[in-house]
Amino acid sequence: MGRCCRKFSFPSLGNGHLHLAASRLFLYRSEDDWAMTIEVFGFSPRAGEPEVQVYSSGSNLVNRPGREDFYNDHAWHQHLLNHPHDETRFVFPMESGSWQDGELVASGAREVVVRGNYINLPSRNEYQEAGVEPEDPDRIQVYELCRYLAATRRDLVLCTPEELVVNLPPGLNLVLKLDEWHHPYLSSGETASSTGTFRQVAEVLATGNLSAYHPRESPNTHWKNR
């Protein structure tokens, strides 16, 4: 985890290029292997559409990118060399369409499709009831819609169990799921190993002893803390 933090391949919930909406953490293990998956849902203006970034790290990852996914052999080998125990994939739970106008929800849009479910776009009062205060009195930002959906349709916008384990070997058992935890502020130089929370996470992965996880640090993964 420390190496991933130094290489910036560990998830940064305070990433200035991503408007965070929701996150979850999963720990898996067997007698022979361990793995951790962190999923981060939000809106990145660079990507242009809502996305879930799935960060997997583990002792024996599978389904790694192949040569065909890179420009040349050198780029492929460099990826595997630089990321021997971590991989990142993207999931797009919200269908693109006329509901979106760049970084804004299109004027007059009535609904959005999330994993095949047609969901009516909320009123301004419904945003506020969900804890989202729109910053513009006239238009809704896409990231605000993401935060509303994370508050009201969390299981739809986050990953399915199958999507979470794409890069994990078979035979691992889910031992711990966290909807909130204390995440390091990577932009300030903090690393996972410098936090008590992730030292305890490492102990759970190594031993399978769930009582090792008893964090004293306050959770900070809600978007309001970022």
# chains A, B, ... in the order shown; residues from 1 in each chain; ligands from 1
>>> closest_atom_pairs(of="region 134-182 of chain A", to="region 47-69 of chain A", cutoff="8 Å", atoms="only C-alpha atoms", output="Markdown table")
| residue | atom | partner | partner_atom | distance |
| --- | --- | --- | --- | --- |
| A:Val142 | CA | A:Pro50 | CA | 7.8 |
| A:Tyr143 | CA | A:Pro50 | CA | 7.8 |
| A:Cys146 | CA | A:Pro50 | CA | 7.2 |
| A:Val157 | CA | A:Val52 | CA | 7.9 |
| A:Leu158 | CA | A:Val52 | CA | 6.8 |
| A:Cys159 | CA | A:Val52 | CA | 7.5 |
| A:Leu164 | CA | A:Val54 | CA | 7.1 |
| A:Val166 | CA | A:Asn63 | CA | 7.0 |
| A:Asn167 | CA | A:Val62 | CA | 4.9 |
| A:Leu168 | CA | A:Leu61 | CA | 5.2 |
| A:Pro169 | CA | A:Val62 | CA | 5.8 |
>>> residues_around(residues="region 115-124 of chain A", least_positions_apart="6", cutoff="8 Å", atoms="only C-alpha atoms", output="PyMOL selection string")
chain A and resi 93-95+109+134+156-157
>>> write_last_selection(atoms="N, CA, C and O atoms", output="PDB file, in the first residue's frame")
ATOM      1  N   PRO A  93     -21.875   3.198 -14.478  1.00  0.00           N
ATOM      2  CA  PRO A  93     -23.229   2.738 -14.150  1.00  0.00           C
ATOM      3  C   PRO A  93     -24.347   3.561 -14.762  1.00  0.00           C
ATOM      4  O   PRO A  93     -25.476   3.083 -14.864  1.00  0.00           O
ATOM      5  N   MET A  94     -24.055   4.799 -15.163  1.00  0.00           N
ATOM      6  CA  MET A  94     -25.089   5.687 -15.696  1.00  0.00           C
ATOM      7  C   MET A  94     -24.955   5.780 -17.214  1.00  0.00           C
ATOM      8  O   MET A  94     -23.874   6.070 -17.734  1.00  0.00           O
ATOM      9  N   GLU A  95     -26.050   5.530 -17.913  1.00  0.00           N
ATOM     10  CA  GLU A  95     -26.004   5.593 -19.365  1.00  0.00           C
ATOM     11  C   GLU A  95     -25.866   7.035 -19.829  1.00  0.00           C
ATOM     12  O   GLU A  95     -26.511   7.943 -19.296  1.00  0.00           O
ATOM     13  N   ALA A 109     -34.179  18.068 -18.938  1.00  0.00           N
ATOM     14  CA  ALA A 109     -34.023  16.619 -18.787  1.00  0.00           C
ATOM     15  C   ALA A 109     -34.951  16.121 -17.682  1.00  0.00           C
ATOM     16  O   ALA A 109     -35.149  16.785 -16.659  1.00  0.00           O
ATOM     17  N   PRO A 134     -27.326  22.352  -4.089  1.00  0.00           N
ATOM     18  CA  PRO A 134     -26.833  22.818  -5.400  1.00  0.00           C
ATOM     19  C   PRO A 134     -26.197  24.202  -5.289  1.00  0.00           C
ATOM     20  O   PRO A 134     -26.723  25.088  -4.623  1.00  0.00           O
ATOM     21  N   LEU A 156     -27.109   0.970  -6.768  1.00  0.00           N
ATOM     22  CA  LEU A 156     -27.150   1.025  -8.224  1.00  0.00           C
ATOM     23  C   LEU A 156     -25.905   1.680  -8.808  1.00  0.00           C
ATOM     24  O   LEU A 156     -25.412   1.259  -9.861  1.00  0.00           O
ATOM     25  N   VAL A 157     -25.406   2.723  -8.160  1.00  0.00           N
ATOM     26  CA  VAL A 157     -24.278   3.451  -8.749  1.00  0.00           C
ATOM     27  C   VAL A 157     -22.938   2.823  -8.389  1.00  0.00           C
ATOM     28  O   VAL A 157     -21.936   3.064  -9.088  1.00  0.00           O
TER      29      VAL A 157
END
>>> residues_around(residues="Ser44 (chain A)", least_positions_apart="2", cutoff="6 Å", atoms="only C-alpha atoms", output="compact mmCIF listing (two decimals) with C-alpha atoms, in the first residue's frame")
# COMPACT_ATOMS: atom_id res chain seq x y z
CA HIS A 17 -9.88 16.09 -10.79
CA LEU A 18 -12.75 14.07 -9.30
CA ARG A 46 -11.72 14.99 -17.66
CA ALA A 47 -13.56 11.70 -18.19
>>> residues_around(residues="Leu13 (chain A)", least_positions_apart="5", cutoff="12 Å", atoms="only C-alpha atoms", output="MDAnalysis selection string")
chainID A and resid 8 18:24 38:42 53 55 180:187 220:226
>>> closest_residue(among="A:Ser107, A:Thr197, A:Asn72, A:Asn173", to="Tyr213 (chain A)", atoms="only C-alpha atoms")
A:Thr197
>>> closest_residue(among="A:Glu31, A:Asp73, A:Glu103, A:Glu87", to="Val165 (chain A)", atoms="only C-alpha atoms")
A:Glu87
